[in-house]
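Visitor: You'll find protein.cif just under this line, and it carries mmCIF, C-alpha atoms and all ligand atoms.
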data_upload
loop_
_atom_site.label_atom_id
_atom_site.label_comp_id
_atom_site.auth_asym_id
_atom_site.auth_seq_id
_atom_site.Cartn_x
_atom_site.Cartn_y
_atom_site.Cartn_z
CA MET A 1 221.99 108.42 25.00
CA THR A 2 224.91 110.16 23.28
CA ASP A 3 227.42 108.17 21.26
CA ALA A 4 230.06 108.93 23.88
CA ALA A 5 227.85 107.53 26.66
CA LYS A 6 227.14 104.41 24.58
CA VAL A 7 230.87 103.77 24.25
CA ALA A 8 231.40 104.32 27.98
CA ASP A 9 228.62 101.85 28.81
CA GLY A 10 229.43 99.45 26.00
CA ALA A 11 231.11 96.09 26.23
CA ASP A 12 233.23 94.08 23.85
CA VAL A 13 232.31 90.90 25.69
CA ILE A 14 229.53 89.86 28.04
CA VAL A 15 230.39 86.81 30.12
CA VAL A 16 227.24 85.10 31.39
CA GLY A 17 228.10 83.37 34.68
CA GLY A 18 230.07 84.65 37.65
CA GLY A 19 231.40 81.46 39.25
CA VAL A 20 235.10 80.57 39.12
CA ILE A 21 234.91 79.85 35.37
CA GLY A 22 233.10 83.05 34.42
CA LEU A 23 235.22 85.31 36.63
CA THR A 24 238.54 83.75 35.57
CA THR A 25 237.53 84.02 31.91
CA ALA A 26 236.41 87.62 32.39
CA VAL A 27 239.71 88.56 34.09
CA THR A 28 241.68 86.93 31.26
CA LEU A 29 239.74 88.87 28.61
CA ALA A 30 239.78 92.19 30.50
CA GLU A 31 243.53 91.96 31.05
CA ARG A 32 243.89 91.56 27.28
CA GLY A 33 242.33 95.02 26.95
CA LEU A 34 238.72 94.08 26.18
CA ARG A 35 235.77 95.81 27.89
CA VAL A 36 234.14 92.95 29.81
CA ARG A 37 230.91 92.73 31.78
CA VAL A 38 229.87 89.67 33.77
CA TRP A 39 226.16 88.91 34.11
CA SER A 40 225.47 86.53 36.97
CA ARG A 41 222.11 85.37 38.28
CA ASP A 42 223.66 84.67 41.70
CA PRO A 43 226.15 86.52 43.86
CA ALA A 44 229.55 84.78 43.70
CA GLY A 45 229.11 83.50 47.26
CA ALA A 46 225.96 81.61 46.25
CA THR A 47 227.46 79.72 43.28
CA THR A 48 228.65 76.10 43.12
CA SER A 49 232.15 77.54 42.98
CA ALA A 50 231.77 78.96 46.49
CA VAL A 51 230.90 75.48 47.80
CA ALA A 52 234.04 73.77 46.47
CA GLY A 53 236.55 72.42 49.00
CA ALA A 54 238.69 73.44 47.04
CA LEU A 55 241.82 71.44 46.30
CA TRP A 56 243.65 71.54 42.98
CA TRP A 57 243.16 68.04 41.58
CA PRO A 58 241.60 66.77 38.32
CA TYR A 59 238.59 64.84 39.65
CA ARG A 60 235.38 63.95 37.79
CA ILE A 61 236.29 65.96 34.71
CA GLU A 62 236.78 65.12 31.06
CA PRO A 63 238.12 64.97 28.35
CA ALA A 64 241.26 63.35 29.72
CA GLU A 65 243.39 64.40 26.73
CA ARG A 66 242.85 68.11 27.48
CA VAL A 67 242.34 68.15 31.25
CA GLY A 68 246.02 67.51 32.05
CA ALA A 69 247.25 70.58 30.17
CA TRP A 70 244.46 72.83 31.49
CA SER A 71 245.17 71.66 35.04
CA LEU A 72 248.93 72.22 34.85
CA GLU A 73 248.46 75.67 33.35
CA THR A 74 246.14 76.52 36.24
CA LEU A 75 248.51 74.99 38.80
CA ALA A 76 251.27 77.37 37.68
CA VAL A 77 248.97 80.38 38.19
CA TYR A 78 247.88 79.25 41.66
CA GLU A 79 251.49 78.60 42.72
CA GLU A 80 252.28 82.17 41.76
CA LEU A 81 249.19 83.55 43.54
CA ALA A 82 250.01 81.58 46.70
CA GLY A 83 253.42 83.22 46.85
CA GLY A 84 252.24 86.71 45.99
CA PRO A 85 250.78 89.52 48.08
CA GLY A 86 247.09 90.15 48.71
CA ALA A 87 244.10 88.12 49.81
CA THR A 88 243.89 85.72 46.85
CA GLY A 89 242.53 82.85 48.97
CA VAL A 90 245.19 80.54 47.49
CA ARG A 91 247.61 78.64 49.75
CA LEU A 92 249.97 75.74 49.10
CA VAL A 93 249.23 72.97 51.59
CA ALA A 94 250.75 69.50 51.99
CA GLY A 95 248.63 66.38 52.15
CA VAL A 96 248.09 62.79 51.10
CA HIS A 97 245.89 61.25 48.45
CA GLY A 98 245.26 57.96 50.26
CA GLY A 99 245.83 54.84 48.17
CA GLU A 100 246.89 56.88 45.11
CA ARG A 101 249.77 55.83 42.86
CA PHE A 102 251.51 57.67 39.98
CA ALA A 103 250.79 54.74 37.68
CA ALA A 104 247.02 55.29 38.03
CA LEU A 105 247.22 58.96 37.02
CA GLY A 106 247.69 60.66 33.66
CA PRO A 107 251.03 61.94 32.30
CA TRP A 108 250.32 65.30 33.96
CA ALA A 109 251.15 63.76 37.36
CA ALA A 110 254.83 63.51 36.38
CA GLU A 111 254.92 67.33 36.49
CA LEU A 112 253.92 67.57 40.16
CA LYS A 113 256.90 69.02 41.98
CA GLY A 114 257.90 67.16 45.13
CA ALA A 115 255.19 64.49 44.86
CA VAL A 116 256.27 61.17 46.38
CA GLU A 117 254.69 57.80 46.86
CA VAL A 118 254.50 56.87 50.55
CA ALA A 119 252.94 53.86 52.26
CA GLU A 120 249.53 55.60 52.61
CA GLY A 121 249.42 56.96 49.06
CA LEU A 122 250.69 60.01 47.19
CA ARG A 123 252.13 62.79 49.28
CA VAL A 124 252.18 66.22 47.60
CA THR A 125 251.88 69.93 48.25
CA LEU A 126 249.01 71.47 46.24
CA PRO A 127 246.99 74.66 45.99
CA LEU A 128 244.08 74.75 48.43
CA LEU A 129 241.67 77.60 47.78
CA ASP A 130 239.37 79.40 50.15
CA MET A 131 236.70 79.93 47.49
CA PRO A 132 234.61 82.77 48.94
CA VAL A 133 237.85 84.75 49.38
CA HIS A 134 239.19 83.75 45.96
CA LEU A 135 235.94 84.64 44.14
CA ALA A 136 235.88 88.06 45.82
CA TRP A 137 239.51 88.57 44.82
CA LEU A 138 238.73 87.62 41.18
CA GLU A 139 235.91 90.19 41.16
CA ARG A 140 238.26 92.90 42.46
CA ARG A 141 240.90 91.95 39.88
CA LEU A 142 238.25 92.19 37.14
CA VAL A 143 237.15 95.63 38.30
CA ALA A 144 240.81 96.75 38.45
CA ALA A 145 241.12 95.70 34.79
CA GLY A 146 238.11 97.85 33.88
CA GLY A 147 235.44 95.13 34.00
CA ALA A 148 232.20 94.92 35.96
CA VAL A 149 229.94 92.31 37.54
CA GLU A 150 226.16 92.69 37.35
CA ARG A 151 223.41 90.62 38.99
CA ARG A 152 221.30 89.60 36.03
CA ALA A 153 219.50 86.39 35.05
CA VAL A 154 218.93 85.56 31.40
CA ASP A 155 216.78 82.97 29.64
CA GLY A 156 218.88 82.91 26.47
CA PHE A 157 221.89 84.63 24.91
CA ALA A 158 220.06 87.09 22.62
CA GLU A 159 219.79 89.78 25.29
CA ALA A 160 223.55 89.78 25.87
CA ALA A 161 224.25 89.56 22.12
CA ALA A 162 222.22 92.74 21.65
CA GLN A 163 224.70 94.55 23.89
CA ALA A 164 228.08 93.08 22.90
CA PRO A 165 229.53 91.42 19.79
CA VAL A 166 230.84 88.48 21.84
CA VAL A 167 229.02 86.49 24.54
CA VAL A 168 230.82 83.88 26.64
CA ASN A 169 228.69 81.19 28.25
CA CYS A 170 230.09 80.20 31.66
CA THR A 171 226.81 79.19 33.25
CA GLY A 172 227.81 75.76 34.61
CA LEU A 173 224.68 73.74 35.30
CA GLY A 174 222.60 76.62 33.90
CA ALA A 175 223.87 75.68 30.42
CA ARG A 176 221.53 72.69 30.52
CA GLU A 177 218.54 75.01 30.01
CA LEU A 178 220.23 77.98 28.34
CA VAL A 179 222.04 76.28 25.46
CA PRO A 180 220.09 73.93 25.90
CA ASP A 181 222.41 70.97 26.47
CA ALA A 182 220.80 67.75 27.71
CA GLY A 183 224.30 66.28 28.29
CA VAL A 184 224.79 68.49 31.36
CA ARG A 185 223.87 66.73 34.60
CA ALA A 186 224.05 67.61 38.26
CA VAL A 187 226.27 65.56 40.55
CA ARG A 188 225.44 66.63 44.08
CA GLY A 189 228.17 67.11 46.66
CA GLN A 190 227.67 67.60 50.38
CA LEU A 191 230.26 68.88 52.87
CA VAL A 192 230.39 69.48 56.61
CA VAL A 193 232.47 72.27 58.16
CA VAL A 194 233.73 71.62 61.70
CA GLU A 195 235.92 73.48 64.15
CA ASN A 196 239.44 72.42 63.29
CA PRO A 197 240.84 70.20 66.07
CA GLY A 198 244.41 71.06 64.98
CA ILE A 199 244.74 69.40 61.56
CA THR A 200 247.15 71.24 59.26
CA GLU A 201 247.33 68.89 56.24
CA TRP A 202 244.62 67.80 53.81
CA PHE A 203 243.69 64.17 53.13
CA THR A 204 241.57 62.41 50.51
CA GLU A 205 240.66 58.78 49.92
CA ALA A 206 238.27 57.30 47.36
CA ASP A 207 236.08 54.37 48.30
CA PRO A 208 236.11 52.13 45.22
CA ALA A 209 232.89 50.43 46.38
CA SER A 210 230.79 53.61 46.40
CA ALA A 211 230.62 57.18 45.08
CA ALA A 212 231.81 58.44 48.46
CA THR A 213 235.18 60.04 48.97
CA THR A 214 236.58 60.71 52.40
CA TYR A 215 238.41 63.98 52.63
CA PHE A 216 239.24 66.86 54.90
CA PHE A 217 240.70 70.22 54.00
CA PRO A 218 241.97 72.71 56.60
CA GLN A 219 240.48 76.07 55.60
CA PRO A 220 240.77 79.32 57.57
CA ALA A 221 237.07 79.17 58.52
CA GLY A 222 237.20 75.55 59.69
CA LEU A 223 237.99 72.01 58.65
CA VAL A 224 235.96 71.09 55.54
CA LEU A 225 234.88 67.43 55.53
CA GLY A 226 233.63 65.51 52.53
CA GLY A 227 232.11 64.21 50.60
CA THR A 228 229.51 62.77 48.28
CA ALA A 229 228.92 62.51 44.54
CA GLU A 230 225.24 61.80 43.86
CA ALA A 231 224.34 61.87 40.18
CA ASP A 232 221.04 63.55 39.22
CA ASP A 233 220.27 64.44 42.83
CA GLU A 234 219.36 68.12 42.87
CA ARG A 235 218.46 68.57 46.54
CA ARG A 236 220.17 71.74 47.66
CA GLU A 237 219.53 71.20 51.37
CA PRO A 238 222.02 69.20 53.48
CA ASP A 239 220.92 65.72 54.49
CA ALA A 240 221.42 65.06 58.23
CA MET A 241 222.21 61.34 57.84
CA THR A 242 224.74 62.04 55.07
CA ALA A 243 226.41 64.66 57.28
CA ARG A 244 226.77 62.16 60.13
CA GLU A 245 228.26 59.58 57.74
CA ILE A 246 230.78 62.12 56.41
CA VAL A 247 231.94 62.98 59.94
CA ALA A 248 232.17 59.28 60.86
CA ARG A 249 234.25 58.42 57.76
CA CYS A 250 236.68 61.29 58.39
CA ALA A 251 236.93 60.34 62.08
CA ARG A 252 238.08 56.85 61.08
CA VAL A 253 241.16 58.55 59.57
CA ARG A 254 241.60 61.21 62.30
CA PRO A 255 239.66 60.26 65.49
CA GLU A 256 239.81 63.82 66.87
CA ILE A 257 237.32 64.86 64.14
CA ALA A 258 234.56 62.84 65.86
CA GLY A 259 234.14 65.37 68.66
CA ALA A 260 234.67 68.53 66.62
CA ARG A 261 231.88 71.11 66.80
CA VAL A 262 229.90 71.35 63.56
CA LEU A 263 230.01 74.89 62.18
CA GLY A 264 227.93 74.41 59.06
CA HIS A 265 226.92 72.38 56.03
CA ARG A 266 227.43 73.02 52.32
CA VAL A 267 225.77 71.52 49.27
CA GLY A 268 226.64 72.10 45.63
CA LEU A 269 225.67 70.64 42.26
CA ARG A 270 228.69 69.82 40.09
CA PRO A 271 228.05 70.65 36.41
CA VAL A 272 229.15 67.38 34.81
CA ARG A 273 228.83 67.14 31.01
CA GLU A 274 228.71 64.08 28.79
CA GLY A 275 231.81 64.33 26.58
CA GLY A 276 233.46 66.69 29.04
CA VAL A 277 234.09 70.41 29.22
CA ARG A 278 232.74 72.33 26.23
CA ILE A 279 235.02 75.08 24.90
CA GLU A 280 233.69 75.93 21.48
CA SER A 281 232.38 78.90 19.53
CA GLU A 282 229.33 79.32 17.34
CA ALA A 283 227.82 82.18 15.35
CA LEU A 284 224.68 83.79 16.78
CA PRO A 285 221.74 84.61 14.49
CA GLY A 286 222.38 88.41 14.59
CA GLY A 287 226.03 87.98 13.58
CA GLY A 288 227.51 87.87 17.10
CA LEU A 289 229.86 85.22 18.46
CA LEU A 290 228.95 82.83 21.28
CA VAL A 291 231.85 81.11 23.05
CA HIS A 292 231.04 78.24 25.42
CA ASN A 293 233.08 77.39 28.52
CA TYR A 294 231.03 75.08 30.74
CA GLY A 295 230.72 71.53 32.06
CA HIS A 296 233.71 71.46 34.45
CA GLY A 297 232.28 68.75 36.70
CA GLY A 298 234.24 68.17 39.90
CA ALA A 299 237.31 70.20 38.94
CA GLY A 300 236.35 73.68 37.77
CA VAL A 301 238.76 75.27 40.21
CA THR A 302 241.55 72.95 39.03
CA VAL A 303 241.24 73.89 35.35
CA ALA A 304 239.93 77.47 35.58
CA TRP A 305 242.92 79.34 34.08
CA GLY A 306 243.68 76.78 31.39
CA CYS A 307 240.04 76.81 30.26
CA ALA A 308 239.80 80.60 30.51
CA ARG A 309 242.75 80.98 28.15
CA ALA A 310 241.38 78.37 25.74
CA ALA A 311 238.04 80.19 25.68
CA ALA A 312 239.76 83.59 25.33
CA ALA A 313 241.64 82.28 22.29
CA LEU A 314 238.25 81.70 20.60
CA VAL A 315 237.20 85.29 21.33
CA GLY A 316 240.07 86.42 19.08
C1 LIG B 401 230.98 69.69 47.12
C2 LIG B 401 231.86 70.14 45.97
C3 LIG B 401 233.23 70.10 46.12
C4 LIG B 401 234.06 70.49 45.06
N1 LIG B 401 235.40 70.47 45.26
C5 LIG B 401 236.21 70.86 44.25
C6 LIG B 401 237.62 70.85 44.44
O1 LIG B 401 238.11 70.51 45.52
N2 LIG B 401 238.41 71.25 43.39
C7 LIG B 401 237.87 71.64 42.19
O2 LIG B 401 238.62 71.96 41.27
N3 LIG B 401 236.53 71.66 41.99
C8 LIG B 401 235.70 71.28 42.99
N4 LIG B 401 234.34 71.27 42.80
C9 LIG B 401 233.81 71.56 41.44
C10 LIG B 401 233.67 73.04 41.18
O3 LIG B 401 232.98 73.64 42.25
C11 LIG B 401 232.92 73.27 39.86
O4 LIG B 401 233.51 72.57 38.80
C12 LIG B 401 232.95 74.77 39.53
O5 LIG B 401 232.46 75.52 40.61
C13 LIG B 401 232.16 75.09 38.28
O6 LIG B 401 232.27 76.47 38.10
P1 LIG B 401 231.32 77.29 37.14
O7 LIG B 401 231.77 78.70 37.21
O8 LIG B 401 231.25 76.62 35.81
O9 LIG B 401 229.86 77.10 37.76
P2 LIG B 401 229.11 77.88 38.94
O10 LIG B 401 229.99 78.17 40.07
O11 LIG B 401 227.86 77.10 39.18
O12 LIG B 401 228.72 79.26 38.26
C14 LIG B 401 227.72 79.35 37.29
C15 LIG B 401 227.37 80.81 37.12
O13 LIG B 401 226.39 80.93 36.09
C16 LIG B 401 225.34 81.75 36.55
N5 LIG B 401 224.12 81.40 35.84
C17 LIG B 401 223.58 80.17 35.65
N6 LIG B 401 222.44 80.28 34.96
C18 LIG B 401 222.28 81.61 34.68
C19 LIG B 401 221.29 82.37 34.01
N7 LIG B 401 220.22 81.80 33.46
N8 LIG B 401 221.45 83.72 33.91
C20 LIG B 401 222.53 84.33 34.47
N9 LIG B 401 223.48 83.65 35.13
C21 LIG B 401 223.34 82.32 35.24
C22 LIG B 401 225.27 81.48 38.05
O14 LIG B 401 224.57 82.51 38.72
C23 LIG B 401 226.76 81.46 38.37
O15 LIG B 401 227.23 82.78 38.49
C24 LIG B 401 233.48 70.92 43.84
C25 LIG B 401 232.10 70.98 43.70
C26 LIG B 401 231.29 70.59 44.76
C27 LIG B 401 229.80 70.68 44.59
#
Before we go any further, please render this structure as structure tokens.
Guide:
Amino acid sequence: MTDAAKVADGADVIVVGGGVIGLTTAVTLAERGLRVRVWSRDPAGATTSAVAGALWWPYRIEPAERVGAWSLETLAVYEELAGGPGATGVRLVAGVHGGERFAALGPWAAELKGAVEVAEGLRVTLPLLDMPVHLAWLERRLVAAGGAVERRAVDGFAEAAAQAPVVVNCTGLGARELVPDAGVRAVRGQLVVVENPGITEWFTEADPASAATTYFFPQPAGLVLGGTAEADDERREPDAMTAREIVARCARVRPEIAGARVLGHRVGLRPVREGGVRIESEALPGGGLLVHNYGHGGAGVTVAWGCARAAAALVG
């Protein structure tokens, strides 16, 4: 290979992981002028990120002292994307967080424009993302900035470090084995997609007595019903009984959901990390730099841009 060809094929950064965290981080770095390649074991549509509902809301994510700022930074980006042209998959949709009160939330909640307490809970307009569309849009934006996505599984970071001076680890649950990090655990979530019987607003409600949350999100491809949060359960197949319970819980809030035709089921494993999201850098044995950005639990979509910028700041 000639030196010129090496430069053409070369990368300043290899981002391992092509879910919402990896792609958002890659876009951020590429738009700063770096040559970025994403290595992802799975196509974007087969990641946990593609399973997400996906409403902007800090849920099952730590550390609290950083999540508020990351979330608000991301909110501003999504508000802009929702108003802009192109198929970004981001819309602003009104809804109610049942039983929620400002007093129970962090200081970040004071920044939510137009949020009001009503009898049922907190009423607010928030970004709702159609994830398969949004992930495809992120990939196109990366390519437009000169980056590339490759299907490639790794069993460590040395291979990537041999090809770029900086490696960014956005492998979600995969970080458990790759880093390795025993603090990363799977929290399973199951959803049901039904034909929308005419519901235009989203709704969520936590059940304090269990890990179950009742929610429904109107997406273009159907009404997404949820959900579950089952720690250390790594079954990737939908459970029929759980699906029936999800439909029944949602139908208690909106009876018309009971008869809606089921279009499909989704299961994903949230990458929850003890101590919260890890954004940190370390030197690799050969002199390269490894930047971590993983462990986003139940709110990777909610914090994606804030975390991408924090990780990019460590790249230099
Ligand atoms: C049911 C459910 C509902 C959710 N709802 C919401 C919501 O409403 N709002 C919200 O903000 N969040 C939500 N989440 C959480 C959100 O989906 C996650 O926090 C987010 O997807 C994590 O993104 P990620 O990019 O870190 O991980 P992933 O999407 O899992 O991506 C990891 C990437 O790393 C790659 N990878 C892993 N190991 C390797 C390897 N060895 N070699 C190469 N590549 C590798 C994978 O192929 C993949 O590309 C939900 C999650 C679930 C399961």
Visitor: Compute the set of protein, DNA and RNA residues whose minimum atom distance to ligand LIG 401 (chain B) is at most 7 Å, using all atoms listed in the file, and state it as a PDB file with C-alpha atoms, in the coordinates of the input.
Guide:
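Saved the output as pocket.pdb:
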ATOM      1  CA  VAL A  16     227.240  85.100  31.390  1.00  0.00           C
ATOM      2  CA  GLY A  17     228.100  83.370  34.680  1.00  0.00           C
ATOM      3  CA  GLY A  18     230.070  84.650  37.650  1.00  0.00           C
ATOM      4  CA  GLY A  19     231.400  81.460  39.250  1.00  0.00           C
ATOM      5  CA  VAL A  20     235.100  80.570  39.120  1.00  0.00           C
ATOM      6  CA  ILE A  21     234.910  79.850  35.370  1.00  0.00           C
ATOM      7  CA  GLY A  22     233.100  83.050  34.420  1.00  0.00           C
ATOM      8  CA  TRP A  39     226.160  88.910  34.110  1.00  0.00           C
ATOM      9  CA  SER A  40     225.470  86.530  36.970  1.00  0.00           C
ATOM     10  CA  ARG A  41     222.110  85.370  38.280  1.00  0.00           C
ATOM     11  CA  ASP A  42     223.660  84.670  41.700  1.00  0.00           C
ATOM     12  CA  PRO A  43     226.150  86.520  43.860  1.00  0.00           C
ATOM     13  CA  ALA A  44     229.550  84.780  43.700  1.00  0.00           C
ATOM     14  CA  THR A  47     227.460  79.720  43.280  1.00  0.00           C
ATOM     15  CA  THR A  48     228.650  76.100  43.120  1.00  0.00           C
ATOM     16  CA  SER A  49     232.150  77.540  42.980  1.00  0.00           C
ATOM     17  CA  ALA A  50     231.770  78.960  46.490  1.00  0.00           C
ATOM     18  CA  VAL A  51     230.900  75.480  47.800  1.00  0.00           C
ATOM     19  CA  ALA A  52     234.040  73.770  46.470  1.00  0.00           C
ATOM     20  CA  GLY A  53     236.550  72.420  49.000  1.00  0.00           C
ATOM     21  CA  ALA A  54     238.690  73.440  47.040  1.00  0.00           C
ATOM     22  CA  LEU A  55     241.820  71.440  46.300  1.00  0.00           C
ATOM     23  CA  TRP A  56     243.650  71.540  42.980  1.00  0.00           C
ATOM     24  CA  TRP A  57     243.160  68.040  41.580  1.00  0.00           C
ATOM     25  CA  PRO A  58     241.600  66.770  38.320  1.00  0.00           C
ATOM     26  CA  ARG A 152     221.300  89.600  36.030  1.00  0.00           C
ATOM     27  CA  ALA A 153     219.500  86.390  35.050  1.00  0.00           C
ATOM     28  CA  VAL A 154     218.930  85.560  31.400  1.00  0.00           C
ATOM     29  CA  ASP A 155     216.780  82.970  29.640  1.00  0.00           C
ATOM     30  CA  CYS A 170     230.090  80.200  31.660  1.00  0.00           C
ATOM     31  CA  THR A 171     226.810  79.190  33.250  1.00  0.00           C
ATOM     32  CA  GLY A 172     227.810  75.760  34.610  1.00  0.00           C
ATOM     33  CA  LEU A 173     224.680  73.740  35.300  1.00  0.00           C
ATOM     34  CA  GLY A 174     222.600  76.620  33.900  1.00  0.00           C
ATOM     35  CA  ALA A 175     223.870  75.680  30.420  1.00  0.00           C
ATOM     36  CA  LEU A 178     220.230  77.980  28.340  1.00  0.00           C
ATOM     37  CA  ARG A 188     225.440  66.630  44.080  1.00  0.00           C
ATOM     38  CA  GLY A 189     228.170  67.110  46.660  1.00  0.00           C
ATOM     39  CA  GLN A 190     227.670  67.600  50.380  1.00  0.00           C
ATOM     40  CA  LEU A 191     230.260  68.880  52.870  1.00  0.00           C
ATOM     41  CA  GLY A 227     232.110  64.210  50.600  1.00  0.00           C
ATOM     42  CA  VAL A 267     225.770  71.520  49.270  1.00  0.00           C
ATOM     43  CA  GLY A 268     226.640  72.100  45.630  1.00  0.00           C
ATOM     44  CA  LEU A 269     225.670  70.640  42.260  1.00  0.00           C
ATOM     45  CA  ARG A 270     228.690  69.820  40.090  1.00  0.00           C
ATOM     46  CA  PRO A 271     228.050  70.650  36.410  1.00  0.00           C
ATOM     47  CA  TYR A 294     231.030  75.080  30.740  1.00  0.00           C
ATOM     48  CA  GLY A 295     230.720  71.530  32.060  1.00  0.00           C
ATOM     49  CA  HIS A 296     233.710  71.460  34.450  1.00  0.00           C
ATOM     50  CA  GLY A 297     232.280  68.750  36.700  1.00  0.00           C
ATOM     51  CA  GLY A 298     234.240  68.170  39.900  1.00  0.00           C
ATOM     52  CA  ALA A 299     237.310  70.200  38.940  1.00  0.00           C
ATOM     53  CA  GLY A 300     236.350  73.680  37.770  1.00  0.00           C
ATOM     54  CA  VAL A 301     238.760  75.270  40.210  1.00  0.00           C
ATOM     55  CA  THR A 302     241.550  72.950  39.030  1.00  0.00           C
ATOM     56  CA  VAL A 303     241.240  73.890  35.350  1.00  0.00           C
TER      57      VAL A 303
END
Visitor: Would you list the contacts of Asn293 of chain A as a list in words, taking every protein, DNA or RNA residue within 8 Å and counting all atoms listed in the file, but skipping same-chain residues closer than 4 positions in sequence?
Guide: Ile21, Val168, Asn169, Cys170, Val277, Arg278, Ile279, Glu280, Cys307, Ala308 and Ala311 of chain A
Visitor: If we count all atoms listed in the file, what is near Asp130 of chain A at a cut-off of 7 Å, once residues fewer than 3 positions away on the same chain are taken out, given as a compact mmCIF listing (two decimals) with C-alpha atoms, in the coordinates of the input?
Guide:
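Result file around-v2.txt:
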# COMPACT_ATOMS: atom_id res chain seq x y z
CA ALA A 54 238.69 73.44 47.04
CA GLY A 89 242.53 82.85 48.97
CA VAL A 90 245.19 80.54 47.49
CA VAL A 133 237.85 84.75 49.38
CA HIS A 134 239.19 83.75 45.96
CA GLN A 219 240.48 76.07 55.60
Visitor: Report, in Å with one decimal, the straight-line distance from atom CA of Ala313 of chain A to atom CA of Val77 of chain A.
Guide: 17.6 Å
Visitor: Would you mind reading off the distance between atom CA of Ala64 of chain A and atom CA of Leu23 of chain A, one decimal, in Å?
Guide: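 If I compute the distance from atom CA of Ala64 of chain A to atom CA of Leu23 of chain A, I get 23.8 Å.
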Visitor: Could you check the closest approach to Pro220 of chain A for each of A:Pro180, A:Gly98, A:Pro238, A:Pro132 and tell me which residue wins, using only C-alpha atoms?
Guide: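 Counting only C-alpha atoms, the residue closest to Pro220 of chain A is A:Pro132.
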Visitor: How many Å lie between atom CA of Pro197 of chain A and atom CA of Ile257 of chain A, rounded to one decimal?
Guide: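 One can read the atom CA of Pro197 of chain A to atom CA of Ile257 of chain A distance as 6.7 Å.
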Visitor: Please provide as a count of residues only all residues within 8 Å of Ser281 of chain A, with the sequence filter that same-chain residues fewer than 4 positions apart are discarded (counting all atoms listed in the file).
Guide: 5
Visitor: Can you pull out every residue within 7 Å of Ala164 of chain A, counting all atoms listed in the file, but drop anything in the same chain fewer than 5 positions away, and send it as a PyMOL selection string?
Guide: chain A and resi 11-14
Visitor: In terms of the shortest atom-to-atom distance over only C-alpha atoms, which of A:Thr214, A:Thr24, A:Ser71, A:Gln163 is closest to Val192 of chain A?
Guide: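 Closest to Val192 of chain A of all the choices is A:Thr214.
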Visitor: Which one of A:Ala229, A:Val194, A:Ala258, A:Leu142 sits closest to Ser210 of chain A if you count all atoms listed in the file?
Guide: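 Among the listed residues, A:Ala229 lies closest to Ser210 of chain A.
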Visitor: Could you work out an axis-aligned box for segment 74-82 of chain A, taking every atom the file lists and adding 8 Å on each side, and report centre and edge lengths in Å to one decimal, as AutoDock Vina command-line options?
Guide:
--center_x 249.2 --center_y 79.3 --center_z 41.5 --size_x 22.1 --size_y 24.6 --size_z 26.5
Visitor: Which residue, A:Gly10, A:Leu128, A:Asp232, A:Val93, has the smallest gap to Gly183 of chain A when you use all atoms listed in the file?
Guide: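 Comparing A:Gly10, A:Leu128, A:Asp232, A:Val93 against Gly183 of chain A, the winner is A:Asp232.
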Visitor: I'd like the neighbourhood of Val262 of chain A as a PyMOL selection string, where a residue qualifies if any of its atoms comes within 12 Å (using only C-alpha atoms), though same-chain residues fewer than 6 positions away should be ignored.
Guide: chain A and resi 191-197+221-225+240+243-244+246-247
Visitor: Between A:Gly99, A:Gly275, A:Leu126, A:Glu73, which one has atoms that come closest to Gly114 of chain A, using all atoms listed in the file?
Guide: A:Leu126
